[in-house]
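One file, model_21.txt, is given below (compact mmCIF, C-alpha atoms).
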# COMPACT_ATOMS: atom_id res chain seq x y z
CA MET S 7 -44.70 27.38 42.25
CA GLU S 8 -47.61 25.05 43.02
CA ARG S 9 -49.48 24.68 46.29
CA TYR S 10 -51.66 21.97 47.81
CA LEU S 11 -53.43 23.38 50.84
CA PHE S 12 -56.07 23.00 53.49
CA ASN S 13 -57.67 26.38 54.08
CA PRO S 14 -58.52 26.51 57.80
CA PRO S 15 -61.91 28.27 58.17
CA ASP S 16 -60.88 29.67 61.58
CA GLY S 17 -64.44 29.43 62.83
CA GLY S 18 -67.81 28.29 61.53
CA TYR S 19 -68.18 24.52 61.84
CA GLY S 20 -64.74 24.53 63.43
CA TRP S 21 -66.36 25.43 66.75
CA VAL S 22 -68.52 22.30 66.51
CA VAL S 23 -65.29 20.35 66.05
CA VAL S 24 -63.81 22.09 69.11
CA THR S 25 -66.92 21.21 71.15
CA SER S 26 -66.73 17.57 70.05
CA ALA S 27 -63.02 17.46 70.88
CA PHE S 28 -63.84 19.00 74.29
CA PHE S 29 -66.05 16.02 75.14
CA ILE S 30 -63.54 13.54 73.68
CA MET S 31 -60.80 14.90 75.96
CA GLY S 32 -63.16 14.56 78.92
CA LEU S 33 -64.15 10.97 78.17
CA THR S 34 -60.57 9.83 77.58
CA ALA S 35 -57.85 11.85 79.34
CA ALA S 36 -60.04 12.87 82.31
CA VAL S 37 -60.90 9.23 83.00
CA HIS S 38 -57.22 8.32 82.99
CA LYS S 39 -56.32 11.32 85.17
CA ASN S 40 -58.68 10.10 87.91
CA PHE S 41 -57.68 6.46 87.68
CA GLY S 42 -55.55 6.96 90.79
CA LEU S 43 -58.80 6.64 92.77
CA PHE S 44 -58.93 2.98 91.72
CA PHE S 45 -55.26 2.33 92.52
CA LEU S 46 -55.58 1.11 96.12
CA GLU S 47 -58.84 -0.71 95.36
CA ILE S 48 -57.21 -2.76 92.60
CA GLN S 49 -54.03 -3.30 94.66
CA ASN S 50 -56.01 -4.60 97.63
CA HIS S 51 -58.29 -6.76 95.47
CA TYR S 52 -55.37 -8.62 93.89
CA ASN S 53 -53.06 -8.27 96.94
CA VAL S 54 -50.01 -7.17 94.92
CA LEU S 55 -47.19 -4.63 95.27
CA THR S 56 -47.47 -0.96 94.31
CA SER S 57 -45.12 -1.43 91.35
CA THR S 58 -47.17 -4.39 90.07
CA THR S 59 -50.40 -2.41 90.19
CA SER S 60 -48.68 0.49 88.41
CA TRP S 61 -48.32 -1.67 85.31
CA VAL S 62 -52.06 -1.34 84.65
CA THR S 63 -51.71 2.42 84.17
CA SER S 64 -48.35 2.02 82.44
CA THR S 65 -49.81 -0.36 79.88
CA THR S 66 -52.62 2.08 79.15
CA ILE S 67 -50.12 4.91 78.66
CA ALA S 68 -47.81 2.80 76.48
CA VAL S 69 -50.57 1.50 74.19
CA PHE S 70 -52.07 5.00 73.98
CA HIS S 71 -48.76 6.28 72.61
CA LEU S 72 -47.83 3.23 70.53
CA GLY S 73 -51.20 3.36 68.79
CA ALA S 74 -50.66 6.97 67.69
CA PRO S 75 -48.96 6.24 64.32
CA LEU S 76 -51.67 3.70 63.53
CA ALA S 77 -54.36 6.24 64.47
CA SER S 78 -52.69 8.86 62.25
CA ALA S 79 -52.34 6.49 59.29
CA LEU S 80 -55.93 5.26 59.57
CA SER S 81 -57.19 8.85 59.85
CA MET S 82 -55.42 9.68 56.57
CA HIS S 83 -56.65 6.60 54.70
CA LEU S 84 -60.17 6.41 56.18
CA SER S 85 -61.31 9.50 58.07
CA HIS S 86 -60.88 11.08 61.47
CA ARG S 87 -64.59 10.49 62.09
CA THR S 88 -64.35 6.72 61.53
CA VAL S 89 -61.24 6.28 63.66
CA ILE S 90 -62.74 8.20 66.62
CA MET S 91 -65.89 6.06 66.53
CA VAL S 92 -63.85 2.85 66.49
CA GLY S 93 -61.81 4.25 69.37
CA GLY S 94 -64.98 4.78 71.39
CA LEU S 95 -65.97 1.13 70.95
CA LEU S 96 -62.50 -0.09 71.96
CA ALA S 97 -62.29 2.16 75.04
CA ALA S 98 -65.74 1.13 76.27
CA SER S 99 -64.96 -2.56 75.67
CA GLY S 100 -61.76 -2.27 77.73
CA MET S 101 -63.56 -0.83 80.76
CA ILE S 102 -66.42 -3.30 80.56
CA ILE S 103 -64.10 -6.33 80.38
CA GLY S 104 -61.95 -4.86 83.18
CA SER S 105 -65.06 -4.59 85.38
CA LEU S 106 -65.30 -8.39 85.44
CA GLY S 107 -62.19 -8.48 87.68
CA LEU S 108 -61.02 -11.79 86.20
CA SER S 109 -57.32 -11.47 87.02
CA LEU S 110 -54.50 -8.93 86.92
CA PRO S 111 -53.30 -10.08 83.46
CA TRP S 112 -56.85 -9.48 82.22
CA MET S 113 -56.63 -5.96 83.68
CA TYR S 114 -53.45 -5.40 81.68
CA LEU S 115 -55.25 -6.57 78.53
CA SER S 116 -58.56 -4.76 79.04
CA VAL S 117 -57.87 -1.51 80.90
CA GLY S 118 -54.31 -1.50 79.55
CA VAL S 119 -54.41 -2.56 75.91
CA LEU S 120 -58.04 -2.06 74.80
CA GLN S 121 -58.59 1.14 76.78
CA GLY S 122 -55.21 2.53 75.70
CA LEU S 123 -55.84 1.83 72.02
CA GLY S 124 -59.35 3.27 72.23
CA VAL S 125 -58.08 6.46 73.84
CA SER S 126 -55.36 6.75 71.18
CA PHE S 127 -57.86 6.31 68.34
CA SER S 128 -60.11 9.01 69.84
CA TRP S 129 -57.63 11.52 71.26
CA LEU S 130 -55.19 11.90 68.38
CA PRO S 131 -57.68 12.43 65.49
CA ALA S 132 -59.61 14.91 67.64
CA ASN S 133 -56.47 17.00 68.22
CA SER S 134 -55.62 16.77 64.54
CA MET S 135 -59.06 18.02 63.48
CA VAL S 136 -58.81 21.08 65.73
CA SER S 137 -55.38 21.95 64.30
CA HIS S 138 -56.63 21.63 60.72
CA TYR S 139 -59.77 23.72 61.28
CA PHE S 140 -57.87 26.67 62.78
CA LYS S 141 -54.84 28.78 61.91
CA ARG S 142 -55.01 32.24 63.52
CA TRP S 143 -56.99 30.98 66.53
CA ARG S 144 -55.27 27.60 66.75
CA PRO S 145 -53.66 28.06 70.22
CA ILE S 146 -56.89 29.21 71.87
CA ALA S 147 -59.03 26.65 69.99
CA TYR S 148 -56.75 23.84 71.13
CA SER S 149 -56.76 25.19 74.69
CA ILE S 150 -60.56 25.18 74.77
CA ALA S 151 -60.73 21.65 73.34
CA SER S 152 -58.10 20.26 75.70
CA SER S 153 -59.77 21.94 78.68
CA GLY S 154 -62.48 19.28 78.41
CA GLU S 155 -60.02 17.04 80.25
CA CYS S 156 -59.96 19.46 83.19
CA VAL S 157 -63.69 20.21 83.33
CA PHE S 158 -64.59 16.52 83.29
CA ALA S 159 -61.79 15.67 85.74
CA MET S 160 -63.23 18.09 88.31
CA GLY S 161 -66.57 16.32 88.18
CA PHE S 162 -65.19 12.83 87.77
CA SER S 163 -63.11 12.94 90.94
CA PRO S 164 -66.01 13.00 93.45
CA PHE S 165 -68.25 11.10 91.01
CA PHE S 166 -65.82 8.19 90.69
CA GLN S 167 -65.31 8.06 94.47
CA TRP S 168 -69.09 7.93 94.93
CA LEU S 169 -69.33 5.15 92.32
CA ILE S 170 -66.64 3.14 94.12
CA ASP S 171 -68.42 3.53 97.48
CA SER S 172 -71.82 2.67 95.99
CA TYR S 173 -71.05 0.01 93.37
CA SER S 174 -67.45 -1.13 94.14
CA TRP S 175 -64.56 -0.51 91.78
CA GLN S 176 -65.82 -3.18 89.38
CA GLY S 177 -69.28 -1.68 89.05
CA SER S 178 -67.66 1.74 88.60
CA LEU S 179 -65.61 0.53 85.62
CA LEU S 180 -68.77 -0.88 84.02
CA ILE S 181 -70.55 2.48 84.32
CA ILE S 182 -67.50 4.37 83.00
CA GLY S 183 -67.39 2.02 80.00
CA GLY S 184 -71.01 2.92 79.24
CA LEU S 185 -70.17 6.63 79.42
CA GLN S 186 -67.29 6.17 76.98
CA LEU S 187 -69.68 4.91 74.31
CA ASN S 188 -70.53 8.60 73.84
CA LEU S 189 -67.17 8.90 72.07
CA CYS S 190 -68.94 7.41 69.04
CA VAL S 191 -71.40 10.32 69.05
CA CYS S 192 -68.54 12.83 69.30
CA GLY S 193 -66.77 11.13 66.39
CA ALA S 194 -69.88 11.38 64.21
CA LEU S 195 -69.70 15.20 64.51
CA MET S 196 -66.16 15.36 63.06
CA ARG S 197 -66.93 16.50 59.53
CA PRO S 198 -63.91 16.17 57.21
CA LEU S 199 -62.34 19.43 56.03
CA GLN S 200 -62.21 19.68 52.24
CA SER S 201 -58.82 20.43 50.70
CA THR S 202 -58.29 23.10 48.07
CA GLN S 203 -55.83 23.19 45.21
CA THR S 204 -53.97 26.20 43.84
CA SER S 205 -51.28 26.64 41.24
CA ILE S 206 -49.31 29.14 39.26
CA GLN S 207 -50.21 29.59 35.59
CA GLY S 208 -53.60 27.93 36.17
CA LYS S 209 -52.30 24.37 36.07
CA PRO S 210 -53.71 21.80 38.51
CA VAL S 211 -51.39 20.08 40.95
CA LEU S 212 -50.59 16.62 39.65
CA ASP S 213 -48.49 13.84 41.09
CA SER S 214 -45.96 11.72 39.19
CA LYS S 215 -48.79 9.53 37.83
CA GLY S 216 -50.68 12.50 36.45
CA GLU S 217 -53.46 12.36 39.05
CA SER S 218 -54.82 15.34 40.94
CA ARG S 219 -53.46 15.47 44.49
CA THR S 220 -56.85 16.54 45.84
CA SER S 221 -58.25 13.14 44.99
CA LYS S 222 -55.57 11.21 46.84
CA LYS S 223 -55.39 10.21 50.49
CA GLY S 224 -52.41 11.36 52.53
CA THR S 225 -49.65 8.99 53.52
CA PHE S 226 -47.78 8.72 56.80
CA GLN S 227 -44.47 10.58 56.56
CA TRP S 228 -42.01 8.30 58.34
CA ARG S 229 -39.14 10.34 56.89
CA LEU S 230 -39.86 13.14 59.36
CA ILE S 231 -37.95 11.13 61.96
CA GLN S 232 -34.78 12.22 60.15
CA LYS S 233 -35.35 15.84 61.19
CA PRO S 234 -32.94 16.57 64.08
CA GLU S 235 -35.40 19.10 65.55
CA LEU S 236 -38.11 16.45 65.79
CA LEU S 237 -35.67 13.93 67.27
CA LEU S 238 -34.72 16.34 70.04
CA TYR S 239 -38.37 17.19 70.62
CA ILE S 240 -39.07 13.47 70.96
CA MET S 241 -36.36 13.31 73.65
CA PHE S 242 -38.23 16.06 75.49
CA ALA S 243 -41.43 14.02 75.07
CA ILE S 244 -39.88 10.84 76.51
CA LEU S 245 -38.57 12.56 79.64
CA ALA S 246 -41.72 14.65 80.08
CA ALA S 247 -43.95 11.58 79.72
CA ALA S 248 -41.91 9.77 82.36
CA GLY S 249 -42.81 12.56 84.78
CA PHE S 250 -46.27 13.63 83.53
CA PHE S 251 -48.29 10.61 84.62
CA ILE S 252 -46.79 10.07 88.08
CA PRO S 253 -48.38 12.86 90.19
CA PRO S 254 -52.06 12.11 89.37
CA LEU S 255 -51.41 8.44 90.09
CA PHE S 256 -49.66 8.93 93.45
CA LEU S 257 -51.27 12.09 94.86
CA VAL S 258 -54.24 10.24 96.36
CA PRO S 259 -52.13 7.42 97.92
CA TYR S 260 -49.71 10.08 99.22
CA ALA S 261 -52.56 12.03 100.83
CA ASN S 262 -53.97 8.82 102.30
CA SER S 263 -50.57 7.96 103.78
CA LEU S 264 -50.72 11.26 105.70
CA GLY S 265 -54.01 10.21 107.26
CA MET S 266 -56.47 12.06 105.03
CA GLY S 267 -59.90 10.57 104.30
CA GLN S 268 -60.85 9.26 100.87
CA TYR S 269 -63.05 12.21 99.93
CA TRP S 270 -60.55 14.79 101.17
CA ALA S 271 -57.86 13.10 99.08
CA ALA S 272 -60.17 12.92 96.07
CA SER S 273 -60.91 16.65 96.40
CA VAL S 274 -57.21 17.32 95.73
CA LEU S 275 -57.69 15.92 92.22
CA SER S 276 -60.69 18.21 91.68
CA VAL S 277 -58.69 21.29 92.67
CA LEU S 278 -55.80 20.07 90.50
CA ALA S 279 -58.21 19.77 87.55
CA LEU S 280 -59.53 23.32 88.09
CA ALA S 281 -55.98 24.71 88.16
CA ASP S 282 -55.19 22.65 85.06
CA LEU S 283 -58.16 24.26 83.28
CA LEU S 284 -57.02 27.77 84.20
CA GLY S 285 -53.48 26.97 83.06
CA ARG S 286 -54.62 25.74 79.64
CA LEU S 287 -56.83 28.73 78.97
CA ALA S 288 -54.26 31.24 80.27
CA CYS S 289 -51.37 29.72 78.33
CA GLY S 290 -53.48 29.34 75.18
CA TRP S 291 -54.41 33.01 75.37
CA LEU S 292 -50.78 33.99 76.02
CA ALA S 293 -49.55 31.86 73.12
CA ASN S 294 -52.14 33.49 70.85
CA LEU S 295 -50.70 36.93 71.69
CA ARG S 296 -47.34 35.68 70.32
CA LEU S 297 -45.33 37.76 72.80
CA VAL S 298 -42.80 34.92 72.97
CA ARG S 299 -42.25 31.86 70.80
CA ASN S 300 -44.21 28.74 71.71
CA LEU S 301 -41.04 26.76 72.34
CA GLN S 302 -39.65 29.49 74.62
CA LEU S 303 -42.87 29.50 76.62
CA LEU S 304 -42.81 25.70 76.81
CA THR S 305 -39.25 25.74 78.17
CA MET S 306 -40.20 28.09 80.98
CA VAL S 307 -43.36 26.31 82.15
CA VAL S 308 -41.96 22.75 81.98
CA THR S 309 -38.89 23.74 84.01
CA VAL S 310 -40.93 25.46 86.72
CA LEU S 311 -43.29 22.46 86.74
CA GLY S 312 -40.36 20.18 87.52
CA VAL S 313 -39.23 22.42 90.37
CA VAL S 314 -42.73 22.42 91.89
CA LEU S 315 -42.79 18.61 91.91
CA LEU S 316 -39.36 18.48 93.55
CA LEU S 317 -40.73 20.67 96.35
CA LEU S 318 -44.13 18.95 96.68
CA PRO S 319 -43.02 16.37 99.32
CA ILE S 320 -42.48 19.17 101.86
CA ALA S 321 -46.30 19.41 101.97
CA GLN S 322 -47.48 17.46 105.02
CA SER S 323 -51.00 18.83 105.50
CA TYR S 324 -54.15 19.05 103.40
CA TRP S 325 -53.81 22.77 102.67
CA THR S 326 -50.13 22.67 101.71
CA ILE S 327 -50.79 19.68 99.45
CA LEU S 328 -53.64 21.69 97.93
CA VAL S 329 -51.30 24.63 97.22
CA PHE S 330 -48.65 22.49 95.52
CA SER S 331 -51.29 20.48 93.63
CA SER S 332 -52.78 23.76 92.36
CA LEU S 333 -49.38 24.97 91.16
CA TYR S 334 -48.72 21.60 89.54
CA GLY S 335 -52.14 21.62 87.86
CA PHE S 336 -51.76 25.18 86.52
CA LEU S 337 -48.28 24.57 85.10
CA PHE S 338 -49.26 21.16 83.73
CA GLY S 339 -52.14 22.87 81.92
CA CYS S 340 -49.71 25.41 80.46
CA VAL S 341 -47.50 22.61 79.10
CA VAL S 342 -50.42 20.70 77.63
CA ALA S 343 -51.82 23.83 75.97
CA ILE S 344 -48.76 24.31 73.75
CA HIS S 345 -46.66 21.13 73.60
CA VAL S 346 -48.78 19.52 70.85
CA THR S 347 -49.33 22.65 68.73
CA SER S 348 -45.58 23.33 68.89
CA ILE S 349 -45.12 20.34 66.58
CA VAL S 350 -46.50 22.57 63.79
CA ASP S 351 -43.55 24.92 64.37
CA ILE S 352 -41.18 22.00 63.81
CA VAL S 353 -42.66 20.00 60.91
CA GLY S 354 -45.29 22.34 59.42
CA LEU S 355 -49.04 21.80 59.19
CA ASP S 356 -48.70 19.33 56.30
CA GLY S 357 -46.54 17.08 58.48
CA PHE S 358 -48.54 17.59 61.68
CA ASP S 359 -50.51 14.31 61.62
CA SER S 360 -47.39 12.25 60.95
CA GLY S 361 -45.26 14.32 63.32
CA LEU S 362 -47.79 13.92 66.13
CA GLY S 363 -47.95 10.16 65.47
CA LEU S 364 -44.16 9.82 65.73
CA PHE S 365 -44.09 12.12 68.77
CA MET S 366 -46.65 9.94 70.57
CA LEU S 367 -45.02 6.68 69.44
CA PHE S 368 -41.64 7.40 70.98
CA ARG S 369 -43.11 9.22 73.97
CA SER S 370 -44.65 5.89 74.93
CA SER S 371 -41.35 4.65 76.32
CA GLY S 372 -41.35 7.40 78.95
CA GLY S 373 -44.98 6.86 79.86
CA PHE S 374 -44.45 3.11 80.04
CA VAL S 375 -41.40 3.23 82.31
CA GLY S 376 -42.25 6.27 84.47
CA PRO S 377 -45.08 5.01 86.75
CA PRO S 378 -43.53 1.55 87.43
CA ALA S 379 -40.15 3.17 88.13
CA ALA S 380 -41.83 5.54 90.57
CA GLY S 381 -43.73 2.60 92.09
CA TRP S 382 -40.48 0.67 92.51
CA LEU S 383 -38.90 3.67 94.26
CA VAL S 384 -41.90 3.88 96.59
CA ASP S 385 -41.64 0.15 97.41
CA TRP S 386 -37.90 0.49 97.99
CA THR S 387 -37.99 3.64 100.12
CA HIS S 388 -41.45 3.10 101.67
CA ASP S 389 -42.05 6.78 100.96
CA PHE S 390 -44.32 8.30 98.27
CA SER S 391 -42.03 11.35 98.14
CA ALA S 392 -39.58 9.40 95.97
CA ALA S 393 -42.16 9.30 93.16
CA PHE S 394 -42.41 13.10 93.08
CA TYR S 395 -38.62 13.57 93.15
CA PHE S 396 -38.29 11.24 90.17
CA SER S 397 -41.05 13.07 88.29
CA GLY S 398 -39.54 16.51 88.95
CA ILE S 399 -36.05 15.52 87.78
CA CYS S 400 -37.43 14.10 84.53
CA LEU S 401 -39.36 17.29 83.76
CA VAL S 402 -36.45 19.64 84.51
CA LEU S 403 -34.18 17.61 82.20
CA SER S 404 -36.83 17.63 79.45
CA GLY S 405 -36.70 21.43 79.34
CA VAL S 406 -33.07 21.30 78.18
CA PHE S 407 -34.13 19.57 74.96
CA VAL S 408 -36.83 22.17 74.24
CA VAL S 409 -34.16 24.89 74.42
CA LEU S 410 -32.09 23.02 71.81
CA VAL S 411 -35.10 22.55 69.53
CA ASP S 412 -36.01 26.24 69.72
CA ARG S 413 -32.50 27.29 68.75
CA MET S 414 -32.41 24.89 65.79
CA VAL S 415 -35.84 26.01 64.52
CA GLU S 416 -34.89 29.69 64.74
CA LYS S 417 -31.53 29.09 63.06
CA LYS S 418 -33.26 27.28 60.20
CA LYS S 419 -35.73 30.15 59.77
CA LEU S 420 -32.86 32.64 59.46
CA ASN S 421 -31.27 30.52 56.72
CA LEU S 422 -34.48 30.27 54.65
CA PRO S 423 -35.59 32.85 52.05
CA ASP S 424 -38.53 35.03 53.09
CA SER S 425 -40.81 33.26 50.61
CA PHE S 426 -40.51 30.05 52.62
CA THR S 427 -41.14 31.44 56.10
CA GLU S 428 -44.88 30.72 55.94
CA THR S 429 -44.53 27.01 55.22
CA THR S 430 -45.51 26.20 58.76
CA ASP S 431 -49.13 27.10 58.06
CA HIS S 432 -49.08 26.96 54.26
CA PRO S 433 -47.34 23.76 53.15
CA ILE S 434 -45.96 23.91 49.60
CA HIS S 435 -45.65 20.71 47.61
CA LYS S 436 -43.93 20.54 44.26
CA ALA S 437 -45.65 18.22 41.85
CA ASP S 438 -42.72 15.88 41.62
CA THR S 439 -42.14 15.62 45.38
CA ALA S 440 -42.04 11.95 46.39
CA GLU S 441 -44.52 10.84 49.01
CA VAL S 442 -43.12 8.91 51.94

Take the structure in the file and write it out as structure tokens.
Amino acid sequence: MERYLFNPPDGGYGWVVVTSAFFIMGLTAAVHKNFGLFFLEIQNHYNVLTSTTSWVTSTTIAVFHLGAPLASALSMHLSHRTVIMVGGLLAASGMIIGSLGLSLPWMYLSVGVLQGLGVSFSWLPANSMVSHYFKRWRPIAYSIASSGECVFAMGFSPFFQWLIDSYSWQGSLLIIGGLQLNLCVCGALMRPLQSTQTSIQGKPVLDSKGESRTSKKGTFQWRLIQKPELLLYIMFAILAAAGFFIPPLFLVPYANSLGMGQYWAASVLSVLALADLLGRLACGWLANLRLVRNLQLLTMVVTVLGVVLLLLPIAQSYWTILVFSSLYGFLFGCVVAIHVTSIVDIVGLDGFDSGLGLFMLFRSSGGFVGPPAAGWLVDWTHDFSAAFYFSGICLVLSGVFVVLVDRMVEKKKLNLPDSFTETTDHPIHKADTAEV
């Protein structure tokens, strides 16, 4: 039997990759997480409804997800380093153009399309690099890298509010765009991991044209969409995405509606980010112990997360909002720590890049519809609580699909011979296997 492998070093330069990914998460996801601070400023500037303003964030989320397959394919044909650097230029351009405040359609194009595509081109290859550089320590390495989102979010919350007060929301976007140019520096540190080739009987692995597989670029595996486990996991992703992006967007307006000052409301996001950080590290460490399966752990935390959001509207004071925001942040961090690496359990490491691209592509529909739907409910009911009810229901329902995926994956493992049980981390390719 012949093998074509990447040998994860599980350390060494991998920790440089983790550090680079840490900063990439901070300069992309943390910026988006705190964009709720700009919500009322943009709404008042253009004098539009809540649901109309929500489309700025929704467009960013949708393009971020829709660009994932393209980011995966370009990473395979070019390099992760190149794609991340291009993403940095796109993200910065989006913020800088958005700072001009030309019109709301221009906000959709700049902060929505350009920023979303830039974040996609930076975020996805960074996650992929961490997964390829680690095997044994993959859960904790990914948790550390993704925690950059939380660490930066804690600092960005008061920093962005200070920028808005000092330079207006337009000047703030210009400064943020300049900060995002550092994504190009982070991308330059992403050194490609060299593949190795092994075989039985000392024969090199050749494809159908007689060429060594180590000299060929990977191709995007669209055929993975036929796997029922991945399809069900995508259903989880769609529902989860519909609920994921609502709380950070509406927490500050909700706090303001209860009479809290801008800085008190902004501090809620900082506490949320700290809890998020603790959740990622704790869940990454727990996943690394392998006391329960990743998919089992994901089912538990996403269900409890939904329940917390359903109960959040009972909070009517600063301290009760802080408690529920902390619980939400911790559980959200737990979900984020394992929901991407769980794709390896479903499609194997060799299909991870393509699987993640498909996962993000279809998840876009949930992220695109969720915030405007929540905004419409707020406009209709004149109550921000409706947004949190909608988010909680989506997350609870998403947990049902994770249960189904876990059962299918375990059933398939029981039906496979022992020699194939390690294919998740050691993909085996026969020489005559057709590439998709």

Suppose you want the space between atom CA of Ala380 of chain S and atom CA of Tyr114 of chain S; what is it in Å?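 Separating atom CA of Ala380 of chain S from atom CA of Tyr114 of chain S is a distance of 18.3 Å.
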
Quick one: residues within 12 Å of (-49.5, 19.4, 99.1) (file frame), counting all atoms listed in the file, please, as a ChimeraX atom specification. /S:253,256-258,260-262,264,266,271,274-275,277-278,314-335,391,394

Go ahead and write the selection's residues with C-alpha atoms as a compact mmCIF listing (two decimals), in the coordinates of the input.
# COMPACT_ATOMS: atom_id res chain seq x y z
CA PRO S 253 -48.38 12.86 90.19
CA PHE S 256 -49.66 8.93 93.45
CA LEU S 257 -51.27 12.09 94.86
CA VAL S 258 -54.24 10.24 96.36
CA TYR S 260 -49.71 10.08 99.22
CA ALA S 261 -52.56 12.03 100.83
CA ASN S 262 -53.97 8.82 102.30
CA LEU S 264 -50.72 11.26 105.70
CA MET S 266 -56.47 12.06 105.03
CA ALA S 271 -57.86 13.10 99.08
CA VAL S 274 -57.21 17.32 95.73
CA LEU S 275 -57.69 15.92 92.22
CA VAL S 277 -58.69 21.29 92.67
CA LEU S 278 -55.80 20.07 90.50
CA VAL S 314 -42.73 22.42 91.89
CA LEU S 315 -42.79 18.61 91.91
CA LEU S 316 -39.36 18.48 93.55
CA LEU S 317 -40.73 20.67 96.35
CA LEU S 318 -44.13 18.95 96.68
CA PRO S 319 -43.02 16.37 99.32
CA ILE S 320 -42.48 19.17 101.86
CA ALA S 321 -46.30 19.41 101.97
CA GLN S 322 -47.48 17.46 105.02
CA SER S 323 -51.00 18.83 105.50
CA TYR S 324 -54.15 19.05 103.40
CA TRP S 325 -53.81 22.77 102.67
CA THR S 326 -50.13 22.67 101.71
CA ILE S 327 -50.79 19.68 99.45
CA LEU S 328 -53.64 21.69 97.93
CA VAL S 329 -51.30 24.63 97.22
CA PHE S 330 -48.65 22.49 95.52
CA SER S 331 -51.29 20.48 93.63
CA SER S 332 -52.78 23.76 92.36
CA LEU S 333 -49.38 24.97 91.16
CA TYR S 334 -48.72 21.60 89.54
CA GLY S 335 -52.14 21.62 87.86
CA SER S 391 -42.03 11.35 98.14
CA PHE S 394 -42.41 13.10 93.08

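For the pair atom CA of Gly372 of chain S and atom CA of Val89 of chain S, the interatomic distance is 25.1 Å.
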
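Considering all atoms listed in the file, the residue among S:Phe365, S:Pro259, S:Leu238, S:Gly357 positioned nearest to Leu410 of chain S is S:Leu238.
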
Any idea what the distance is between atom CA of Val415 of chain S and atom CA of Val307 of chain S?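 Atom-to-atom, atom CA of Val415 of chain S to atom CA of Val307 of chain S, that is 19.2 Å.
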
Using only C-alpha atoms, which of S:Ala243, S:Leu362, S:Leu297, S:Leu292 sits nearest Val411 of chain S?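 Comparing S:Ala243, S:Leu362, S:Leu297, S:Leu292 against Val411 of chain S, the winner is S:Ala243.
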
Per residue of segment 145-198 of chain S within 7 Å of segment 35-54 of chain S, record the nearest atom pair and its distance in Å to one decimal, counting only C-alpha atoms, with rows in chain order and ascending residue number, as JSON lines.
{"residue": "S:Glu155", "atom": "CA", "partner": "S:Ala36", "partner_atom": "CA", "distance": 4.7}
{"residue": "S:Cys156", "atom": "CA", "partner": "S:Ala36", "partner_atom": "CA", "distance": 6.6}
{"residue": "S:Phe158", "atom": "CA", "partner": "S:Ala36", "partner_atom": "CA", "distance": 5.9}
{"residue": "S:Ala159", "atom": "CA", "partner": "S:Ala36", "partner_atom": "CA", "distance": 4.8}
{"residue": "S:Ser163", "atom": "CA", "partner": "S:Asn40", "partner_atom": "CA", "distance": 6.1}
{"residue": "S:Gln167", "atom": "CA", "partner": "S:Leu43", "partner_atom": "CA", "distance": 6.9}
{"residue": "S:Trp175", "atom": "CA", "partner": "S:Phe44", "partner_atom": "CA", "distance": 6.6}

Residues around (-64.4, -3.8, 76.6), cut-off 12 Å, counting all atoms listed in the file - what are they as a VMD selection string? chain S and resid 93 to 106 112 to 113 115 to 124 179 to 184 186 to 187

Write to file, as a PDB file, in the frame of the given file, the residues of the selection just made, with C-alpha atoms.
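Saved to part_29.pdb:
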ATOM      1  CA  GLY S  93     -61.810   4.250  69.370  1.00  0.00           C
ATOM      2  CA  GLY S  94     -64.980   4.780  71.390  1.00  0.00           C
ATOM      3  CA  LEU S  95     -65.970   1.130  70.950  1.00  0.00           C
ATOM      4  CA  LEU S  96     -62.500  -0.090  71.960  1.00  0.00           C
ATOM      5  CA  ALA S  97     -62.290   2.160  75.040  1.00  0.00           C
ATOM      6  CA  ALA S  98     -65.740   1.130  76.270  1.00  0.00           C
ATOM      7  CA  SER S  99     -64.960  -2.560  75.670  1.00  0.00           C
ATOM      8  CA  GLY S 100     -61.760  -2.270  77.730  1.00  0.00           C
ATOM      9  CA  MET S 101     -63.560  -0.830  80.760  1.00  0.00           C
ATOM     10  CA  ILE S 102     -66.420  -3.300  80.560  1.00  0.00           C
ATOM     11  CA  ILE S 103     -64.100  -6.330  80.380  1.00  0.00           C
ATOM     12  CA  GLY S 104     -61.950  -4.860  83.180  1.00  0.00           C
ATOM     13  CA  SER S 105     -65.060  -4.590  85.380  1.00  0.00           C
ATOM     14  CA  LEU S 106     -65.300  -8.390  85.440  1.00  0.00           C
ATOM     15  CA  TRP S 112     -56.850  -9.480  82.220  1.00  0.00           C
ATOM     16  CA  MET S 113     -56.630  -5.960  83.680  1.00  0.00           C
ATOM     17  CA  LEU S 115     -55.250  -6.570  78.530  1.00  0.00           C
ATOM     18  CA  SER S 116     -58.560  -4.760  79.040  1.00  0.00           C
ATOM     19  CA  VAL S 117     -57.870  -1.510  80.900  1.00  0.00           C
ATOM     20  CA  GLY S 118     -54.310  -1.500  79.550  1.00  0.00           C
ATOM     21  CA  VAL S 119     -54.410  -2.560  75.910  1.00  0.00           C
ATOM     22  CA  LEU S 120     -58.040  -2.060  74.800  1.00  0.00           C
ATOM     23  CA  GLN S 121     -58.590   1.140  76.780  1.00  0.00           C
ATOM     24  CA  GLY S 122     -55.210   2.530  75.700  1.00  0.00           C
ATOM     25  CA  LEU S 123     -55.840   1.830  72.020  1.00  0.00           C
ATOM     26  CA  GLY S 124     -59.350   3.270  72.230  1.00  0.00           C
ATOM     27  CA  LEU S 179     -65.610   0.530  85.620  1.00  0.00           C
ATOM     28  CA  LEU S 180     -68.770  -0.880  84.020  1.00  0.00           C
ATOM     29  CA  ILE S 181     -70.550   2.480  84.320  1.00  0.00           C
ATOM     30  CA  ILE S 182     -67.500   4.370  83.000  1.00  0.00           C
ATOM     31  CA  GLY S 183     -67.390   2.020  80.000  1.00  0.00           C
ATOM     32  CA  GLY S 184     -71.010   2.920  79.240  1.00  0.00           C
ATOM     33  CA  GLN S 186     -67.290   6.170  76.980  1.00  0.00           C
ATOM     34  CA  LEU S 187     -69.680   4.910  74.310  1.00  0.00           C
TER      35      LEU S 187
END
